file my_file-v3.cif (mmCIF, C-alpha atoms and all ligand atoms)
data_run
loop_
_atom_site.label_atom_id
_atom_site.label_comp_id
_atom_site.auth_asym_id
_atom_site.auth_seq_id
_atom_site.Cartn_x
_atom_site.Cartn_y
_atom_site.Cartn_z
CA MET A 4 -3.89 27.17 20.57
CA SER A 5 -6.35 24.39 19.94
CA LEU A 6 -8.03 22.55 17.12
CA GLU A 7 -11.29 24.05 18.37
CA GLN A 8 -10.03 27.60 17.81
CA TRP A 9 -8.48 26.75 14.44
CA SER A 10 -11.73 25.14 13.34
CA ALA A 11 -13.76 28.13 14.48
CA VAL A 12 -11.63 30.45 12.33
CA ASP A 13 -11.90 28.07 9.36
CA SER A 14 -15.69 28.04 9.76
CA TYR A 15 -15.71 31.84 9.96
CA PHE A 16 -13.65 32.18 6.77
CA SER A 17 -15.78 29.64 4.95
CA GLU A 18 -19.04 31.28 6.06
CA MET A 19 -17.76 34.70 5.02
CA LEU A 20 -16.12 33.80 1.72
CA ILE A 21 -17.60 30.57 0.39
CA PRO A 22 -21.29 30.69 -0.57
CA ALA A 23 -23.42 27.71 0.44
CA ASP A 24 -22.94 25.07 -2.21
CA PRO A 25 -25.54 22.26 -2.29
CA VAL A 26 -23.50 20.23 -4.80
CA LEU A 27 -20.33 20.19 -2.68
CA GLU A 28 -22.31 19.62 0.51
CA ALA A 29 -24.16 16.69 -1.07
CA ALA A 30 -20.85 15.28 -2.30
CA LEU A 31 -19.51 15.21 1.25
CA LYS A 32 -22.72 13.61 2.51
CA HIS A 33 -22.45 10.87 -0.13
CA CYS A 34 -18.86 10.24 1.02
CA THR A 35 -19.93 9.88 4.64
CA ASP A 36 -22.93 7.74 3.71
CA ALA A 37 -20.67 5.41 1.75
CA GLY A 38 -18.30 5.11 4.72
CA LEU A 39 -15.42 7.00 3.11
CA PRO A 40 -12.97 8.65 5.54
CA SER A 41 -13.40 12.42 6.01
CA ILE A 42 -9.97 13.29 4.69
CA ASN A 43 -11.03 15.58 1.84
CA VAL A 44 -9.56 19.09 1.74
CA ALA A 45 -11.40 21.73 3.78
CA PRO A 46 -13.71 24.11 1.86
CA ASN A 47 -11.28 27.04 2.08
CA GLN A 48 -8.48 24.76 0.84
CA GLY A 49 -10.66 23.53 -2.00
CA LYS A 50 -11.29 27.12 -2.98
CA LEU A 51 -7.54 27.82 -2.83
CA LEU A 52 -6.95 24.96 -5.27
CA HIS A 53 -9.71 26.35 -7.49
CA MET A 54 -8.14 29.81 -7.44
CA LEU A 55 -4.63 28.49 -8.10
CA ALA A 56 -5.98 26.64 -11.14
CA GLN A 57 -7.65 29.86 -12.30
CA ILE A 58 -4.51 31.95 -11.75
CA ARG A 59 -2.53 29.37 -13.73
CA GLY A 60 -5.20 29.32 -16.44
CA ALA A 61 -5.03 25.54 -16.17
CA SER A 62 -6.88 23.73 -18.92
CA ARG A 63 -5.38 20.32 -18.12
CA ILE A 64 -5.38 19.23 -14.48
CA LEU A 65 -4.05 15.98 -12.98
CA GLU A 66 -5.15 14.87 -9.52
CA ILE A 67 -3.54 11.96 -7.67
CA GLY A 68 -5.98 10.70 -5.01
CA THR A 69 -9.68 11.22 -5.83
CA LEU A 70 -11.49 9.93 -2.71
CA GLY A 71 -15.13 11.01 -3.24
CA GLY A 72 -14.32 13.75 -5.73
CA TYR A 73 -14.57 16.76 -3.40
CA SER A 74 -11.26 18.37 -4.38
CA THR A 75 -11.88 17.14 -7.93
CA ILE A 76 -15.05 19.24 -8.17
CA TRP A 77 -13.30 22.35 -6.80
CA LEU A 78 -10.50 21.93 -9.36
CA ALA A 79 -12.68 20.95 -12.33
CA ARG A 80 -14.89 23.99 -11.82
CA ALA A 81 -11.86 26.17 -12.53
CA LEU A 82 -11.39 24.70 -16.02
CA PRO A 83 -12.04 26.89 -19.04
CA PRO A 84 -14.29 25.58 -21.84
CA GLY A 85 -12.54 22.63 -23.46
CA GLY A 86 -10.51 21.90 -20.35
CA SER A 87 -10.17 18.51 -18.70
CA LEU A 88 -9.18 16.84 -15.46
CA VAL A 89 -7.78 13.36 -14.92
CA SER A 90 -7.96 11.95 -11.39
CA LEU A 91 -6.17 8.79 -10.24
CA GLU A 92 -7.66 6.53 -7.58
CA VAL A 93 -6.79 3.03 -6.42
CA SER A 94 -10.15 2.21 -4.82
CA HIS A 95 -13.13 1.21 -6.98
CA VAL A 96 -15.43 2.07 -4.07
CA HIS A 97 -14.02 5.61 -3.81
CA ALA A 98 -14.06 6.05 -7.59
CA ASP A 99 -17.73 5.00 -7.78
CA VAL A 100 -18.72 7.56 -5.13
CA ALA A 101 -16.62 10.19 -6.90
CA ARG A 102 -18.16 9.47 -10.31
CA LYS A 103 -21.64 9.92 -8.86
CA ASN A 104 -20.65 13.21 -7.20
CA ILE A 105 -19.00 14.45 -10.38
CA GLU A 106 -22.08 13.53 -12.38
CA LEU A 107 -24.30 15.46 -9.95
CA ALA A 108 -21.91 18.40 -10.28
CA GLY A 109 -22.41 18.31 -14.06
CA LEU A 110 -18.72 17.64 -14.63
CA SER A 111 -18.76 14.13 -16.12
CA ASP A 112 -17.77 15.44 -19.53
CA VAL A 113 -14.57 17.04 -18.27
CA VAL A 114 -13.46 14.62 -15.52
CA THR A 115 -11.95 11.18 -16.12
CA ILE A 116 -11.19 8.93 -13.16
CA ILE A 117 -8.60 6.24 -13.77
CA VAL A 118 -8.77 3.39 -11.27
CA GLY A 119 -5.50 1.67 -10.40
CA ARG A 120 -2.33 2.30 -8.45
CA ALA A 121 -1.37 5.85 -9.30
CA ALA A 122 2.30 4.92 -9.76
CA ASP A 123 1.30 2.52 -12.55
CA THR A 124 -1.13 4.95 -14.14
CA LEU A 125 1.47 7.74 -14.14
CA GLU A 126 3.92 5.47 -15.93
CA LYS A 127 1.28 4.62 -18.48
CA LEU A 128 0.35 8.28 -19.06
CA ALA A 129 4.02 9.13 -19.64
CA ALA A 130 4.53 6.13 -21.94
CA ASP A 131 1.44 7.19 -23.90
CA HIS A 132 2.93 10.69 -24.29
CA VAL A 133 -0.25 12.39 -23.14
CA GLU A 134 -0.22 16.16 -23.38
CA PRO A 135 1.45 17.75 -20.35
CA PHE A 136 -0.70 19.05 -17.49
CA ASP A 137 -0.88 22.65 -16.23
CA LEU A 138 -1.57 21.73 -12.60
CA VAL A 139 -0.89 18.54 -10.66
CA PHE A 140 -2.45 18.00 -7.22
CA ILE A 141 -0.76 15.20 -5.26
CA ASP A 142 -3.01 13.90 -2.46
CA ALA A 143 -2.89 10.09 -2.27
CA ASP A 144 -0.73 7.72 -0.15
CA LYS A 145 2.08 9.87 1.20
CA GLU A 146 4.54 6.98 1.10
CA ASN A 147 4.61 7.27 -2.69
CA ASN A 148 5.00 11.05 -2.86
CA PRO A 149 8.53 10.74 -4.35
CA THR A 150 7.16 8.51 -7.13
CA TYR A 151 4.27 10.90 -7.71
CA LEU A 152 6.63 13.86 -7.97
CA LYS A 153 8.79 12.03 -10.51
CA GLY A 154 5.66 11.13 -12.46
CA ALA A 155 4.40 14.69 -12.30
CA LEU A 156 7.72 16.01 -13.63
CA LYS A 157 7.41 13.79 -16.70
CA LEU A 158 3.95 15.23 -17.33
CA SER A 159 4.84 18.90 -16.75
CA GLN A 160 5.56 21.78 -19.05
CA GLN A 161 6.75 25.37 -18.60
CA GLY A 162 4.64 26.90 -15.80
CA THR A 163 3.02 23.72 -14.51
CA LEU A 164 2.02 23.99 -10.83
CA ILE A 165 2.66 20.96 -8.65
CA ILE A 166 0.84 21.07 -5.31
CA CYS A 167 1.24 18.42 -2.62
CA ASP A 168 -1.17 18.12 0.33
CA ASN A 169 -0.42 17.00 3.89
CA VAL A 170 3.31 17.67 3.98
CA VAL A 171 3.38 18.58 7.70
CA ARG A 172 1.11 16.07 9.46
CA LYS A 173 1.20 17.61 12.93
CA GLY A 174 4.92 18.30 12.55
CA ARG A 175 5.78 14.65 11.98
CA VAL A 176 7.70 15.66 8.85
CA MET A 177 10.48 16.74 11.23
CA ASP A 178 11.00 13.21 12.57
CA ALA A 179 13.94 12.13 10.43
CA ASP A 180 14.15 8.75 12.16
CA SER A 181 10.44 7.99 11.88
CA SER A 182 9.55 4.44 10.95
CA ASP A 183 6.33 5.77 9.36
CA PRO A 184 6.59 5.29 5.57
CA ASP A 185 4.37 8.35 5.07
CA VAL A 186 6.84 10.55 6.93
CA GLN A 187 9.78 9.05 5.05
CA GLY A 188 7.92 9.50 1.75
CA THR A 189 7.30 13.16 2.45
CA ARG A 190 10.90 13.77 3.58
CA ARG A 191 12.22 12.09 0.42
CA PHE A 192 9.72 14.23 -1.56
CA PHE A 193 11.29 17.38 -0.06
CA GLU A 194 14.79 16.11 -0.88
CA LEU A 195 13.70 15.71 -4.50
CA LEU A 196 12.12 19.19 -4.52
CA ALA A 197 15.30 20.67 -3.06
CA ALA A 198 17.53 18.98 -5.64
CA GLU A 199 15.31 19.61 -8.68
CA PRO A 200 16.64 22.48 -10.80
CA ARG A 201 13.51 22.49 -12.96
CA LEU A 202 11.29 23.42 -10.01
CA THR A 203 10.85 26.58 -7.94
CA SER A 204 9.31 25.41 -4.67
CA THR A 205 8.00 26.53 -1.32
CA ALA A 206 5.89 25.01 1.45
CA ILE A 207 3.41 26.53 3.87
CA GLN A 208 2.07 25.24 7.20
CA THR A 209 -1.64 25.47 7.84
CA VAL A 210 -3.92 25.11 10.85
CA GLY A 211 -7.68 24.73 10.66
CA ILE A 212 -10.43 22.21 10.59
CA LYS A 213 -7.87 19.61 9.42
CA GLY A 214 -5.51 20.28 12.33
CA TRP A 215 -1.87 21.26 11.85
CA ASP A 216 -0.70 20.39 8.37
CA GLY A 217 0.57 22.10 5.23
CA LEU A 218 1.12 22.01 1.52
CA SER A 219 3.97 22.47 -0.91
CA ILE A 220 3.73 24.42 -4.15
CA SER A 221 6.20 24.18 -7.02
CA ILE A 222 6.39 25.80 -10.43
CA PHE A 223 7.95 23.81 -13.25
CA THR A 224 10.35 26.17 -15.00
CA GLY A 225 11.81 23.59 -17.33
CA PRO A 226 13.50 22.51 -19.42
CA ARG A 227 11.26 19.59 -20.29
N1 LIG B 301 -8.11 14.64 -2.90
C1 LIG B 301 -9.20 14.15 -2.07
C2 LIG B 301 -8.70 13.32 -0.91
C3 LIG B 301 -7.86 12.15 -1.30
S1 LIG B 301 -7.65 11.02 0.06
C4 LIG B 301 -9.99 15.35 -1.55
O1 LIG B 301 -9.35 16.25 -0.97
O2 LIG B 301 -11.22 15.38 -1.68
C5 LIG B 301 -6.46 9.95 -0.64
C6 LIG B 301 -6.99 9.01 -1.71
O3 LIG B 301 -5.86 8.38 -2.30
C7 LIG B 301 -7.89 7.90 -1.18
O4 LIG B 301 -9.10 7.86 -1.87
C8 LIG B 301 -7.09 6.64 -1.43
O5 LIG B 301 -7.88 5.50 -1.80
C9 LIG B 301 -6.22 7.06 -2.61
N2 LIG B 301 -5.00 6.25 -2.75
C10 LIG B 301 -4.28 5.64 -1.77
N3 LIG B 301 -3.27 4.96 -2.30
C11 LIG B 301 -3.34 5.11 -3.64
C12 LIG B 301 -2.58 4.63 -4.75
N4 LIG B 301 -1.51 3.82 -4.57
N5 LIG B 301 -2.95 4.99 -6.00
C13 LIG B 301 -4.02 5.79 -6.18
N6 LIG B 301 -4.78 6.28 -5.18
C14 LIG B 301 -4.45 5.95 -3.93
C1 LIG B 302 -5.55 12.66 6.04
C2 LIG B 302 -5.79 13.91 5.48
C3 LIG B 302 -5.61 14.12 4.15
O1 LIG B 302 -5.83 15.33 3.57
C4 LIG B 302 -5.17 13.08 3.34
O2 LIG B 302 -5.00 13.34 2.04
C5 LIG B 302 -4.93 11.83 3.87
C6 LIG B 302 -5.12 11.61 5.22
C7 LIG B 302 -5.76 12.47 7.48
O3 LIG B 302 -6.16 13.41 8.14
O4 LIG B 302 -5.51 11.34 7.95
MG MG B 303 -4.99 15.45 1.62
#
call {"tool": "encode", "arguments": {"input": "my_file-v3.cif", "output": "structure tokens"}}
result
Amino acid sequence: MSLEQWSAVDSYFSEMLIPADPVLEAALKHCTDAGLPSINVAPNQGKLLHMLAQIRGASRILEIGTLGGYSTIWLARALPPGGSLVSLEVSHVHADVARKNIELAGLSDVVTIIVGRAADTLEKLAADHVEPFDLVFIDADKENNPTYLKGALKLSQQGTLIICDNVVRKGRVMDADSSDPDVQGTRRFFELLAAEPRLTSTAIQTVGIKGWDGLSISIFTGPR
């Protein structure tokens, strides 16, 4: 099995099931033009996020890790009227590209990007007692995944979905002795999931255009 075959199947699925979308395609081009890394979710993953938000009926979405706003647009398009999305990003350069893409997608009124270290912003959101979110998508620096999970828990309510990207990383998650802080962050994240009585969790491996990776999904069942 090869990346080439996985990518071919991803392209097939996307061609069959995801109509051409000039806004999303332009967003990716703006990312490349600005020199951003191509580490956005794949189109079929973006659509999965969109559908999960719809299934959840999410009217408040929190994203941790904006990059150029590609996943942000997929998620924000699932919001009902009156809904909103907050996305956390440490890089001003990334946030500027994302804001432009979100503007071109006609979503500026519903998306707020907060620039700063996400760990700090999460603390601030909790201290400010913002309304809880219905869906949290964790996709920033993997080293801080445990911190992001703890932050997400403070901002969750009954039924909140917490989704974390890149939890497999070519199987590296299995390397308990890894000196890679990303691997250790993800392993600690799973320990927290496993020990958290307020969450019902699973994780799924994926192959495709992004290689061999995976995502975890948790439902917050409370109590708050
Ligand atoms: N969700 C995006 C991809 C995000 S890539 C998509 O699929 O389209 C990860 C992003 O997290 C990068 O833009 C990176 O700058 C940001 N990031 C890294 N460390 C961070 C931190 N400490 N706080 C907030 N954002 C961070
Ligand atoms: C990579 C992929 C991601 O989805 C991400 O969030 C960060 C990094 C990568 O392929 O390196
Ligand atoms: Mg990711």
call {"tool": "residues_around", "arguments": {"input": "my_file-v3.cif", "residues": "stretch 102-115 of chain A", "least_positions_apart": "6", "cutoff": "7 Å", "atoms": "only C-alpha atoms", "output": "number ranges by chain"}}
result
A: 26, 30, 72, 76, 86-90
call {"tool": "residues_near_ligand", "arguments": {"input": "my_file-v3.cif", "ligand": "ligand LIG 302 (chain B)", "cutoff": "6 Å", "atoms": "only C-alpha atoms and all ligand atoms", "output": "list in words"}}
result
Ile42, Asn43, Val44, Asp142, Ala143 and Asn169 of chain A
call {"tool": "closest_residue", "arguments": {"input": "my_file-v3.cif", "among": "A:Leu6, A:Leu27, A:Ala121, A:Ala45", "to": "ligand MG 303 (chain B)", "atoms": "only C-alpha atoms and all ligand atoms"}}
result
A:Ala45
call {"tool": "residues_near_ligand", "arguments": {"input": "my_file-v3.cif", "ligand": "ligand LIG 301 (chain B)", "cutoff": "9 Å", "atoms": "all atoms listed in the file", "output": "PDB file with C-alpha atoms, in the coordinates of the input"}}
result
ATOM      1  CA  LEU A  31     -19.510  15.210   1.250  1.00  0.00           C
ATOM      2  CA  LEU A  39     -15.420   7.000   3.110  1.00  0.00           C
ATOM      3  CA  PRO A  40     -12.970   8.650   5.540  1.00  0.00           C
ATOM      4  CA  SER A  41     -13.400  12.420   6.010  1.00  0.00           C
ATOM      5  CA  ILE A  42      -9.970  13.290   4.690  1.00  0.00           C
ATOM      6  CA  ASN A  43     -11.030  15.580   1.840  1.00  0.00           C
ATOM      7  CA  VAL A  44      -9.560  19.090   1.740  1.00  0.00           C
ATOM      8  CA  ALA A  45     -11.400  21.730   3.780  1.00  0.00           C
ATOM      9  CA  GLN A  48      -8.480  24.760   0.840  1.00  0.00           C
ATOM     10  CA  GLY A  49     -10.660  23.530  -2.000  1.00  0.00           C
ATOM     11  CA  GLU A  66      -5.150  14.870  -9.520  1.00  0.00           C
ATOM     12  CA  ILE A  67      -3.540  11.960  -7.670  1.00  0.00           C
ATOM     13  CA  GLY A  68      -5.980  10.700  -5.010  1.00  0.00           C
ATOM     14  CA  THR A  69      -9.680  11.220  -5.830  1.00  0.00           C
ATOM     15  CA  LEU A  70     -11.490   9.930  -2.710  1.00  0.00           C
ATOM     16  CA  GLY A  71     -15.130  11.010  -3.240  1.00  0.00           C
ATOM     17  CA  GLY A  72     -14.320  13.750  -5.730  1.00  0.00           C
ATOM     18  CA  TYR A  73     -14.570  16.760  -3.400  1.00  0.00           C
ATOM     19  CA  SER A  74     -11.260  18.370  -4.380  1.00  0.00           C
ATOM     20  CA  THR A  75     -11.880  17.140  -7.930  1.00  0.00           C
ATOM     21  CA  ILE A  76     -15.050  19.240  -8.170  1.00  0.00           C
ATOM     22  CA  TRP A  77     -13.300  22.350  -6.800  1.00  0.00           C
ATOM     23  CA  SER A  90      -7.960  11.950 -11.390  1.00  0.00           C
ATOM     24  CA  LEU A  91      -6.170   8.790 -10.240  1.00  0.00           C
ATOM     25  CA  GLU A  92      -7.660   6.530  -7.580  1.00  0.00           C
ATOM     26  CA  VAL A  93      -6.790   3.030  -6.420  1.00  0.00           C
ATOM     27  CA  SER A  94     -10.150   2.210  -4.820  1.00  0.00           C
ATOM     28  CA  HIS A  95     -13.130   1.210  -6.980  1.00  0.00           C
ATOM     29  CA  VAL A  96     -15.430   2.070  -4.070  1.00  0.00           C
ATOM     30  CA  HIS A  97     -14.020   5.610  -3.810  1.00  0.00           C
ATOM     31  CA  ALA A  98     -14.060   6.050  -7.590  1.00  0.00           C
ATOM     32  CA  ILE A 117      -8.600   6.240 -13.770  1.00  0.00           C
ATOM     33  CA  VAL A 118      -8.770   3.390 -11.270  1.00  0.00           C
ATOM     34  CA  GLY A 119      -5.500   1.670 -10.400  1.00  0.00           C
ATOM     35  CA  ARG A 120      -2.330   2.300  -8.450  1.00  0.00           C
ATOM     36  CA  ALA A 121      -1.370   5.850  -9.300  1.00  0.00           C
ATOM     37  CA  ALA A 122       2.300   4.920  -9.760  1.00  0.00           C
ATOM     38  CA  ASP A 123       1.300   2.520 -12.550  1.00  0.00           C
ATOM     39  CA  THR A 124      -1.130   4.950 -14.140  1.00  0.00           C
ATOM     40  CA  PHE A 140      -2.450  18.000  -7.220  1.00  0.00           C
ATOM     41  CA  ILE A 141      -0.760  15.200  -5.260  1.00  0.00           C
ATOM     42  CA  ASP A 142      -3.010  13.900  -2.460  1.00  0.00           C
ATOM     43  CA  ALA A 143      -2.890  10.090  -2.270  1.00  0.00           C
ATOM     44  CA  ASP A 144      -0.730   7.720  -0.150  1.00  0.00           C
ATOM     45  CA  LYS A 145       2.080   9.870   1.200  1.00  0.00           C
ATOM     46  CA  GLU A 146       4.540   6.980   1.100  1.00  0.00           C
ATOM     47  CA  ASN A 147       4.610   7.270  -2.690  1.00  0.00           C
ATOM     48  CA  ASP A 168      -1.170  18.120   0.330  1.00  0.00           C
TER      49      ASP A 168
END
call {"tool": "closest_residue", "arguments": {"input": "my_file-v3.cif", "among": "A:Ile116, A:Leu138, A:Leu52, A:Leu158", "to": "ligand MG 303 (chain B)", "atoms": "only C-alpha atoms and all ligand atoms"}}
result
A:Leu52
call {"tool": "closest_residue", "arguments": {"input": "my_file-v3.cif", "among": "A:Leu20, A:Gly85, A:Val170, A:Leu195", "to": "ligand MG 303 (chain B)", "atoms": "all atoms listed in the file"}}
result
A:Val170
call {"tool": "closest_residue", "arguments": {"input": "my_file-v3.cif", "among": "A:Arg191, A:Lys173, A:Phe16, A:Ala155", "to": "A:Trp215", "atoms": "all atoms listed in the file"}}
result
A:Lys173
call {"tool": "residues_around", "arguments": {"input": "my_file-v3.cif", "residues": "A:Asp137", "least_positions_apart": "5", "cutoff": "6 Å", "atoms": "all atoms listed in the file", "output": "compact mmCIF listing (two decimals) with C-alpha atoms, in the frame of the given file"}}
result
# COMPACT_ATOMS: atom_id res chain seq x y z
CA ALA A 61 -5.03 25.54 -16.17
CA ARG A 63 -5.38 20.32 -18.12
CA ILE A 64 -5.38 19.23 -14.48
CA THR A 163 3.02 23.72 -14.51
call {"tool": "closest_residue", "arguments": {"input": "my_file-v3.cif", "among": "A:Pro83, A:Pro135, A:Pro149, A:Gly38", "to": "A:Phe193", "atoms": "all atoms listed in the file"}}
result
A:Pro149
call {"tool": "residues_around", "arguments": {"input": "my_file-v3.cif", "residues": "A:Tyr15", "least_positions_apart": "6", "cutoff": "12 Å", "atoms": "all atoms listed in the file", "output": "ChimeraX atom specification"}}
result
/A:8-9,21-22,46-47,211-212
call {"tool": "closest_residue", "arguments": {"input": "my_file-v3.cif", "among": "A:Ser182, A:Asn148, A:Gln187, A:Thr224", "to": "ligand MG 303 (chain B)", "atoms": "only C-alpha atoms and all ligand atoms"}}
result
A:Asn148
call {"tool": "atom_distance", "arguments": {"input": "my_file-v3.cif", "atom1": "atom CA of A:Thr209", "atom2": "atom CA of A:Lys32"}}
result
24.8 Å
call {"tool": "residues_around", "arguments": {"input": "my_file-v3.cif", "residues": "A:Leu156", "least_positions_apart": "3", "cutoff": "10 Å", "atoms": "only C-alpha atoms", "output": "PDB file with C-alpha atoms, in the coordinates of the input"}}
result
ATOM      1  CA  ALA A 129       4.020   9.130 -19.640  1.00  0.00           C
ATOM      2  CA  PRO A 135       1.450  17.750 -20.350  1.00  0.00           C
ATOM      3  CA  PHE A 136      -0.700  19.050 -17.490  1.00  0.00           C
ATOM      4  CA  VAL A 139      -0.890  18.540 -10.660  1.00  0.00           C
ATOM      5  CA  THR A 150       7.160   8.510  -7.130  1.00  0.00           C
ATOM      6  CA  TYR A 151       4.270  10.900  -7.710  1.00  0.00           C
ATOM      7  CA  LEU A 152       6.630  13.860  -7.970  1.00  0.00           C
ATOM      8  CA  LYS A 153       8.790  12.030 -10.510  1.00  0.00           C
ATOM      9  CA  SER A 159       4.840  18.900 -16.750  1.00  0.00           C
ATOM     10  CA  GLN A 160       5.560  21.780 -19.050  1.00  0.00           C
ATOM     11  CA  THR A 163       3.020  23.720 -14.510  1.00  0.00           C
ATOM     12  CA  ILE A 165       2.660  20.960  -8.650  1.00  0.00           C
ATOM     13  CA  GLU A 199      15.310  19.610  -8.680  1.00  0.00           C
ATOM     14  CA  ARG A 201      13.510  22.490 -12.960  1.00  0.00           C
ATOM     15  CA  LEU A 202      11.290  23.420 -10.010  1.00  0.00           C
ATOM     16  CA  PHE A 223       7.950  23.810 -13.250  1.00  0.00           C
ATOM     17  CA  GLY A 225      11.810  23.590 -17.330  1.00  0.00           C
ATOM     18  CA  ARG A 227      11.260  19.590 -20.290  1.00  0.00           C
TER      19      ARG A 227
END
call {"tool": "build_atoms", "arguments": {"input": "my_file-v3.cif", "residues": "stretch 93-117 of chain A", "atoms": "N, CA and C atoms", "output": "mmCIF file, in the coordinates of the input"}}
result
data_model
loop_
_atom_site.group_PDB
_atom_site.id
_atom_site.type_symbol
_atom_site.label_atom_id
_atom_site.label_comp_id
_atom_site.auth_asym_id
_atom_site.auth_seq_id
_atom_site.Cartn_x
_atom_site.Cartn_y
_atom_site.Cartn_z
ATOM 1 N N VAL A 93 -7.019 4.472 -6.478
ATOM 2 C CA VAL A 93 -6.790 3.030 -6.420
ATOM 3 C C VAL A 93 -8.068 2.254 -6.055
ATOM 4 N N SER A 94 -8.988 2.922 -5.346
ATOM 5 C CA SER A 94 -10.150 2.210 -4.820
ATOM 6 C C SER A 94 -11.370 2.346 -5.739
ATOM 7 N N HIS A 95 -11.898 1.193 -6.175
ATOM 8 C CA HIS A 95 -13.130 1.210 -6.980
ATOM 9 C C HIS A 95 -14.276 1.833 -6.215
ATOM 10 N N VAL A 96 -14.334 1.547 -4.910
ATOM 11 C CA VAL A 96 -15.430 2.070 -4.070
ATOM 12 C C VAL A 96 -15.371 3.599 -4.060
ATOM 13 N N HIS A 97 -14.167 4.153 -3.819
ATOM 14 C CA HIS A 97 -14.020 5.610 -3.810
ATOM 15 C C HIS A 97 -14.353 6.190 -5.181
ATOM 16 N N ALA A 98 -13.841 5.534 -6.229
ATOM 17 C CA ALA A 98 -14.060 6.050 -7.590
ATOM 18 C C ALA A 98 -15.548 6.066 -7.942
ATOM 19 N N ASP A 99 -16.295 5.045 -7.481
ATOM 20 C CA ASP A 99 -17.730 5.000 -7.780
ATOM 21 C C ASP A 99 -18.465 6.163 -7.097
ATOM 22 N N VAL A 100 -18.105 6.430 -5.843
ATOM 23 C CA VAL A 100 -18.720 7.560 -5.130
ATOM 24 C C VAL A 100 -18.358 8.865 -5.852
ATOM 25 N N ALA A 101 -17.094 8.971 -6.227
ATOM 26 C CA ALA A 101 -16.620 10.190 -6.900
ATOM 27 C C ALA A 101 -17.346 10.410 -8.225
ATOM 28 N N ARG A 102 -17.501 9.332 -9.002
ATOM 29 C CA ARG A 102 -18.160 9.470 -10.310
ATOM 30 C C ARG A 102 -19.586 9.983 -10.158
ATOM 31 N N LYS A 103 -20.265 9.478 -9.116
ATOM 32 C CA LYS A 103 -21.640 9.920 -8.860
ATOM 33 C C LYS A 103 -21.641 11.408 -8.493
ATOM 34 N N ASN A 104 -20.725 11.802 -7.620
ATOM 35 C CA ASN A 104 -20.650 13.210 -7.200
ATOM 36 C C ASN A 104 -20.310 14.128 -8.377
ATOM 37 N N ILE A 105 -19.426 13.644 -9.235
ATOM 38 C CA ILE A 105 -19.000 14.450 -10.380
ATOM 39 C C ILE A 105 -20.139 14.580 -11.397
ATOM 40 N N GLU A 106 -20.881 13.499 -11.527
ATOM 41 C CA GLU A 106 -22.080 13.530 -12.380
ATOM 42 C C GLU A 106 -23.084 14.566 -11.868
ATOM 43 N N LEU A 107 -23.344 14.523 -10.549
ATOM 44 C CA LEU A 107 -24.300 15.460 -9.950
ATOM 45 C C LEU A 107 -23.806 16.906 -10.041
ATOM 46 N N ALA A 108 -22.483 17.060 -10.131
ATOM 47 C CA ALA A 108 -21.910 18.400 -10.280
ATOM 48 C C ALA A 108 -21.917 18.848 -11.742
ATOM 49 N N GLY A 109 -22.363 17.962 -12.638
ATOM 50 C CA GLY A 109 -22.410 18.310 -14.060
ATOM 51 C C GLY A 109 -21.037 18.347 -14.708
ATOM 52 N N LEU A 110 -20.095 17.557 -14.144
ATOM 53 C CA LEU A 110 -18.720 17.640 -14.630
ATOM 54 C C LEU A 110 -18.238 16.346 -15.294
ATOM 55 N N SER A 111 -19.179 15.428 -15.557
ATOM 56 C CA SER A 111 -18.760 14.130 -16.120
ATOM 57 C C SER A 111 -18.040 14.254 -17.448
ATOM 58 N N ASP A 112 -18.393 15.288 -18.206
ATOM 59 C CA ASP A 112 -17.770 15.440 -19.530
ATOM 60 C C ASP A 112 -16.319 15.896 -19.451
ATOM 61 N N VAL A 113 -15.936 16.501 -18.338
ATOM 62 C CA VAL A 113 -14.570 17.040 -18.270
ATOM 63 C C VAL A 113 -13.663 16.253 -17.332
ATOM 64 N N VAL A 114 -14.258 15.376 -16.490
ATOM 65 C CA VAL A 114 -13.460 14.620 -15.520
ATOM 66 C C VAL A 114 -13.373 13.156 -15.919
ATOM 67 N N THR A 115 -12.168 12.616 -15.918
ATOM 68 C CA THR A 115 -11.950 11.180 -16.120
ATOM 69 C C THR A 115 -11.258 10.625 -14.887
ATOM 70 N N ILE A 116 -11.843 9.594 -14.288
ATOM 71 C CA ILE A 116 -11.190 8.930 -13.160
ATOM 72 C C ILE A 116 -10.559 7.651 -13.667
ATOM 73 N N ILE A 117 -9.280 7.483 -13.378
ATOM 74 C CA ILE A 117 -8.600 6.240 -13.770
ATOM 75 C C ILE A 117 -8.334 5.440 -12.509
#
